[in-house]
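Engineer: Mind looking over this structure? Questions follow.
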Amino acid sequence: MNDGAEGEGEASRDFASVAVARGAGGPASTRWRALALCEIANFQSLRRHLGRPRADTLILDLADRMSDLEPGVRSVTAGRSLIELAFEAESPVAARALIERLAACFARSVDLDGERHLIQLVWGIAVAPFGDDDDVRLTEGAEAALEQTRTDSGIVSIDLSQSHAAFDGAALVRELPRAIAAGQLFLQYQPKVNVRREAVTGAEALVRWHHPVRGLILPGEFISAAEDGGEIVGLTLWTLRQVIADQQVMVAHGHDMPVFINISGVLLADEAFVEEACRIVSETGAKVGFEITETAVIRDPDSAIRHLQRFAAIGIPLAIDDYGAGLSSLAYLKQLPATELKIDKMFVMQLTSSNRDPLIVRSTIDLAHALEMEVTAEGVETPAALALLSVMGCDMVQGYLISRPIALDAFIRYLDEEGFKSVATMRPSFGRSENFWRKSG
């Protein structure tokens with residue numbers, strides 16, 4: 001493989017613009033959307049042998065090579081060791097076959113700067129018929145499939161049409177307490193990087209469910225089922241306790257930072273939950289933050305604001321999640337005791353390809369700062385987006401460019417090796433202007 005990669009494509013979930021993959025055909029209604037995530041499983045080993053600068057350009061070379069091999073596939077890097085591939089196919093079988101062809105091309109060792117190295121790739125694929133699933137669910141499916149490669153290795157694919165058909169919310173609700181007791185739930189952590197300090201200063205904890213029969217269940221399925229079935233209290237308290245236990249492990253490894261968990265809007269009206277959550281945090285002294293959505297507050301504003309003030313009073317930092325995704329209300333925003341505002345990724349991912357989204361993001365950053373909040377941008381996938389956010393004064397970033405959500409042990413290794421600094425090697429400076437990225441990309 002040569003070392004001629006320059007820049008990186010802009011990540012996008014606009015599948016209507018993606019060319020039809022080889023072998024696809026028929027009317028749009030019979031085609032399938034596919035999203036695949038490809039990860040270099042032995043990235044750390046390669047970096048030790050090749051050195052950080054060369055290893056961090058390897059992902060760009062791979063993405064370029066995949067685009068050359070399959071011109072109908074939109075291939076973009078989504079982090080230091082992760083590639084996102086979007087394409088269309090005539091069936092789930094055809095989608096998997098395309099990925100198998102790509103995988104076969106990298107099955108043998110390759111020449112990297114005069115030495116032979118084997119690049120071990122794992123692939124997670126999610127497929128859905130056009131019009132049958134939204135982009136968030138497709139992304140979650142690809143993430144779940146990639147996570148399953150930790151035990152199954154190789155290629156794992158998820159047919160979301162089958163998952164949806166088999167979905168039984170009532171059954172999941174009945175199983176959830178047993179799943180918690182049996183240790184089927186686990187947490188993954190996605191780092192949050194402070195833009196000015198170029199350091200990981202926090203993380204978001206995301207709950208996952210590895211079902212013994214169904215495999216990985218998408219969060220959107222069991223969390224909504226837990227809300228509807230009255231099990232969200234138990235699920236959230238388990239998450240809170242597990243985060244605190246995991247934090248103790250992080251501290252033992254020299255990493256003491258706040259970890260945020262998501263709090264359902266249903267819980268902001270639950271007096272008993274609020275009391276128990278406050279008790280747990282107060283007794284442990286844990287550095288735990290709560291993320292709440294703006295729509296959660298609108299459901300019952302008086303109760304929600306009162307309970308959020310209770311959290312803030314005992315030192316729990318509060319973040320407004322997915323800002324801009326719902327009907328943002330300045331009337332409620334100014335009343336919330338939040339210290340952080342998270343801009344929804346649907347704005348961030350279109351920063352460098354839209355005329356309006358940069359204006360929205362910039363004005364949101366200015367508004368949050370005027371309200372004495374820090375701003376986190378979600379869904380940061382490209383150096384260009386990172387550079388522009390830095391110029392706009394964004395405080396923190398989170399997304400695939402930094403890291404996908406990873407298990408605790410992997411997160412600790414990531415922090416130990418200061419893996420986030422590899423992001424800096426993908427662009428000359430956090431502070432470069434957007435014009436620089438347009439020229440170099």
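Naming scheme: A, B, ... for chains in displayed order of the structure tokens; residues 1 onward per chain; ligands 1 onward as shown.
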Which residues in stretch 124-294 of chain A does DSSP call alpha helix (DSSP H)? List them as a ChimeraX atom specification.
Structural biologist: /A:135-152,160-166,169-181,219-229,232-252,271-284,294
Engineer: Using only C-alpha atoms, which protein or nucleic acid residues come within 6 Å of stretch 194-204 of chain A? Drop anything in the same chain fewer than 6 positions from it, and give the result as a list in words.
Structural biologist: Met257, Pro258, Val259, Phe260, Asp395 and Met396 of chain A
Engineer: Just asking: which residues within stretch 108-324 of chain A are strand (DSSP E or B) according to DSSP, as a PyMOL selection string?
Structural biologist: chain A and resi 110-112+115-117+121-129+155-159+185-194+199-211+215-217+259-262+288-293+318-323
Engineer: The selected residues should be written to file as a PDB file, in the first residue's frame (atoms: C-alpha atoms).
Structural biologist:
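Listed below is the output, part02.pdb:
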ATOM      1  CA  VAL A 110       0.772  -6.167   2.788  1.00  0.00           C
ATOM      2  CA  ASP A 111       3.917  -4.166   2.261  1.00  0.00           C
ATOM      3  CA  LEU A 112       4.094  -1.159   4.547  1.00  0.00           C
ATOM      4  CA  GLU A 115       8.006  -4.536   5.654  1.00  0.00           C
ATOM      5  CA  ARG A 116       5.238  -7.135   5.466  1.00  0.00           C
ATOM      6  CA  HIS A 117       2.406  -6.672   7.963  1.00  0.00           C
ATOM      7  CA  LEU A 121      -9.853  -6.216  10.065  1.00  0.00           C
ATOM      8  CA  VAL A 122     -13.227  -6.852  11.683  1.00  0.00           C
ATOM      9  CA  TRP A 123     -16.493  -5.813  10.084  1.00  0.00           C
ATOM     10  CA  GLY A 124     -19.918  -4.940  11.460  1.00  0.00           C
ATOM     11  CA  ILE A 125     -22.744  -4.594   8.935  1.00  0.00           C
ATOM     12  CA  ALA A 126     -26.330  -3.405   9.330  1.00  0.00           C
ATOM     13  CA  VAL A 127     -28.841  -3.610   6.487  1.00  0.00           C
ATOM     14  CA  ALA A 128     -32.414  -2.394   6.133  1.00  0.00           C
ATOM     15  CA  PRO A 129     -34.885  -1.994   3.249  1.00  0.00           C
ATOM     16  CA  ILE A 155     -17.702 -10.324   9.814  1.00  0.00           C
ATOM     17  CA  VAL A 156     -20.975  -9.894  11.709  1.00  0.00           C
ATOM     18  CA  SER A 157     -24.101  -8.657   9.953  1.00  0.00           C
ATOM     19  CA  ILE A 158     -27.480  -7.611  11.330  1.00  0.00           C
ATOM     20  CA  ASP A 159     -30.662  -7.571   9.254  1.00  0.00           C
ATOM     21  CA  LEU A 185     -25.890  -5.724  30.520  1.00  0.00           C
ATOM     22  CA  PHE A 186     -22.595  -3.892  30.190  1.00  0.00           C
ATOM     23  CA  LEU A 187     -21.339  -0.376  29.630  1.00  0.00           C
ATOM     24  CA  GLN A 188     -19.259   1.199  26.923  1.00  0.00           C
ATOM     25  CA  TYR A 189     -17.495   4.531  27.227  1.00  0.00           C
ATOM     26  CA  GLN A 190     -17.057   7.252  24.622  1.00  0.00           C
ATOM     27  CA  PRO A 191     -14.430   9.878  25.484  1.00  0.00           C
ATOM     28  CA  LYS A 192     -15.047  13.613  25.428  1.00  0.00           C
ATOM     29  CA  VAL A 193     -12.063  15.730  24.402  1.00  0.00           C
ATOM     30  CA  ASN A 194     -11.462  19.283  25.573  1.00  0.00           C
ATOM     31  CA  ALA A 199      -7.078  16.069  26.382  1.00  0.00           C
ATOM     32  CA  VAL A 200      -9.792  13.640  27.391  1.00  0.00           C
ATOM     33  CA  THR A 201     -11.600  15.309  30.274  1.00  0.00           C
ATOM     34  CA  GLY A 202     -14.684  13.106  30.568  1.00  0.00           C
ATOM     35  CA  ALA A 203     -16.732  10.335  29.028  1.00  0.00           C
ATOM     36  CA  GLU A 204     -20.275   9.256  28.319  1.00  0.00           C
ATOM     37  CA  ALA A 205     -21.410   5.828  29.502  1.00  0.00           C
ATOM     38  CA  LEU A 206     -23.690   3.909  27.140  1.00  0.00           C
ATOM     39  CA  VAL A 207     -25.544   0.775  28.189  1.00  0.00           C
ATOM     40  CA  ARG A 208     -25.588  -2.358  26.036  1.00  0.00           C
ATOM     41  CA  TRP A 209     -27.457  -5.663  26.357  1.00  0.00           C
ATOM     42  CA  HIS A 210     -25.939  -8.928  25.183  1.00  0.00           C
ATOM     43  CA  HIS A 211     -28.928 -11.257  25.052  1.00  0.00           C
ATOM     44  CA  GLY A 215     -27.227 -11.369  20.700  1.00  0.00           C
ATOM     45  CA  LEU A 216     -26.710  -7.644  21.047  1.00  0.00           C
ATOM     46  CA  ILE A 217     -30.006  -5.784  21.387  1.00  0.00           C
ATOM     47  CA  VAL A 259     -18.636  10.194  33.543  1.00  0.00           C
ATOM     48  CA  PHE A 260     -22.093  11.130  32.289  1.00  0.00           C
ATOM     49  CA  ILE A 261     -25.106   8.849  32.050  1.00  0.00           C
ATOM     50  CA  ASN A 262     -28.397   9.450  30.255  1.00  0.00           C
ATOM     51  CA  VAL A 288     -21.066  11.396  37.815  1.00  0.00           C
ATOM     52  CA  GLY A 289     -22.982  13.724  35.537  1.00  0.00           C
ATOM     53  CA  PHE A 290     -26.503  13.410  34.140  1.00  0.00           C
ATOM     54  CA  GLU A 291     -27.500  14.049  30.533  1.00  0.00           C
ATOM     55  CA  ILE A 292     -31.098  15.030  29.908  1.00  0.00           C
ATOM     56  CA  THR A 293     -32.876  15.972  26.699  1.00  0.00           C
ATOM     57  CA  LEU A 318     -26.017  18.449  34.204  1.00  0.00           C
ATOM     58  CA  ALA A 319     -25.795  18.418  30.415  1.00  0.00           C
ATOM     59  CA  ILE A 320     -28.584  19.157  27.951  1.00  0.00           C
ATOM     60  CA  ASP A 321     -28.351  16.370  25.383  1.00  0.00           C
ATOM     61  CA  ASP A 322     -29.283  16.413  21.674  1.00  0.00           C
ATOM     62  CA  TYR A 323     -29.865  20.155  21.672  1.00  0.00           C
TER      63      TYR A 323
END
Engineer: Set the distance at 12 Å and use only C-alpha atoms: which residues neighbour A:Asn42 once local chain neighbours fewer than 4 positions away are removed? I'd like the list as a ChimeraX atom specification.
Structural biologist: /A:46-49,55,81-82,117-122
Engineer: What gap, in Å, lies between atom CA of A:Gln350 and atom CA of A:Ala385?
Structural biologist: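 So the answer is 8.5 Å.
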Engineer: Choose the residue, out of A:Ile83, A:Glu231, A:Gly324, A:Val391, that has the smallest atom-to-atom separation from A:Ile360; count only C-alpha atoms.
Structural biologist: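 Comparing A:Ile83, A:Glu231, A:Gly324, A:Val391 against A:Ile360, the winner is A:Gly324.
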Engineer: In Å, rounded to a single decimal, give me how far atom CA of A:Gly399 is from atom CA of A:Ile412.
Structural biologist: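 Result for atom CA of A:Ile412 versus atom CA of A:Gly399: 17.4 Å, one decimal.
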Engineer: Near A:Asp416, counting only C-alpha atoms, which residues have an atom at most 10 Å away, once you skip same-chain residues fewer than 3 positions from it, shown as a list in words?
Structural biologist: His253, Gly254, His255, Ala410, Phe411, Ile412, Arg413 and Gly419 of chain A
Engineer: Residues at most 12 Å from A:Glu271, counting only C-alpha atoms, excluding those fewer than 2 positions away in the same chain, as a ChimeraX atom specification?
Structural biologist: /A:233,266-269,273-278,303-304,306-308,310-311
Engineer: Can those selected residues be exported to a file as a PDB file, in the first residue's frame so that it contains C-alpha atoms?
Structural biologist:
ATOM      1  CA  VAL A 233     -35.794   3.044  37.173  1.00  0.00           C
ATOM      2  CA  VAL A 266     -39.773   9.759  32.683  1.00  0.00           C
ATOM      3  CA  LEU A 267     -37.452   9.804  35.695  1.00  0.00           C
ATOM      4  CA  LEU A 268     -37.467  13.567  36.103  1.00  0.00           C
ATOM      5  CA  ALA A 269     -40.988  13.286  37.516  1.00  0.00           C
ATOM      6  CA  PHE A 273     -35.777   7.836  41.789  1.00  0.00           C
ATOM      7  CA  VAL A 274     -34.455  11.329  42.428  1.00  0.00           C
ATOM      8  CA  GLU A 275     -34.044  10.556  46.140  1.00  0.00           C
ATOM      9  CA  GLU A 276     -32.235   7.271  45.473  1.00  0.00           C
ATOM     10  CA  ALA A 277     -29.948   8.727  42.806  1.00  0.00           C
ATOM     11  CA  CYS A 278     -29.000  11.611  45.094  1.00  0.00           C
ATOM     12  CA  SER A 303     -41.269  18.862  38.280  1.00  0.00           C
ATOM     13  CA  ALA A 304     -38.273  18.430  35.978  1.00  0.00           C
ATOM     14  CA  ARG A 306     -37.254  21.215  40.573  1.00  0.00           C
ATOM     15  CA  HIS A 307     -35.540  17.820  40.472  1.00  0.00           C
ATOM     16  CA  LEU A 308     -32.719  19.046  38.257  1.00  0.00           C
ATOM     17  CA  ARG A 310     -31.888  19.078  43.436  1.00  0.00           C
ATOM     18  CA  PHE A 311     -29.231  17.227  41.424  1.00  0.00           C
TER      19      PHE A 311
END
Engineer: Fewer than 5 positions away in the same chain doesn't count, so skip those; otherwise give me all residues within 10 Å of A:Arg241, counting only C-alpha atoms, as a list of chain:residue names.
Structural biologist: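 The residues that qualify are A:Thr236, A:Asp246, A:Gln247, A:Ala277, A:Ile280, A:Val281, A:Thr284, A:Ala286.
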Engineer: Generate the output file for the selected residues, C-alpha atoms, as a PDB file, in the first residue's frame.
Structural biologist:
ATOM      1  CA  THR A 236     -30.892   3.565  35.301  1.00  0.00           C
ATOM      2  CA  ASP A 246     -16.059   1.382  36.840  1.00  0.00           C
ATOM      3  CA  GLN A 247     -14.880   4.820  37.935  1.00  0.00           C
ATOM      4  CA  ALA A 277     -29.948   8.727  42.806  1.00  0.00           C
ATOM      5  CA  ILE A 280     -26.048   6.979  45.829  1.00  0.00           C
ATOM      6  CA  VAL A 281     -24.013   9.885  44.471  1.00  0.00           C
ATOM      7  CA  THR A 284     -19.982   7.565  47.126  1.00  0.00           C
ATOM      8  CA  ALA A 286     -18.608   9.854  42.601  1.00  0.00           C
TER       9      ALA A 286
END
Engineer: Measuring atom to atom with only C-alpha atoms, identify which of A:Val213, A:Leu336, A:Val361, A:Cys105 is nearest to A:Gln184.
Structural biologist: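 So, comparing all the options, the nearest one is A:Val213.
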Engineer: Please provide as JSON, numbers by chain all residues within 10 Å of A:Leu235, with the sequence filter that same-chain residues fewer than 2 positions apart are discarded (counting only C-alpha atoms).
Structural biologist: {"A": [176, 177, 180, 185, 207, 222, 223, 226, 227, 230, 231, 232, 233, 237, 238, 239, 240]}
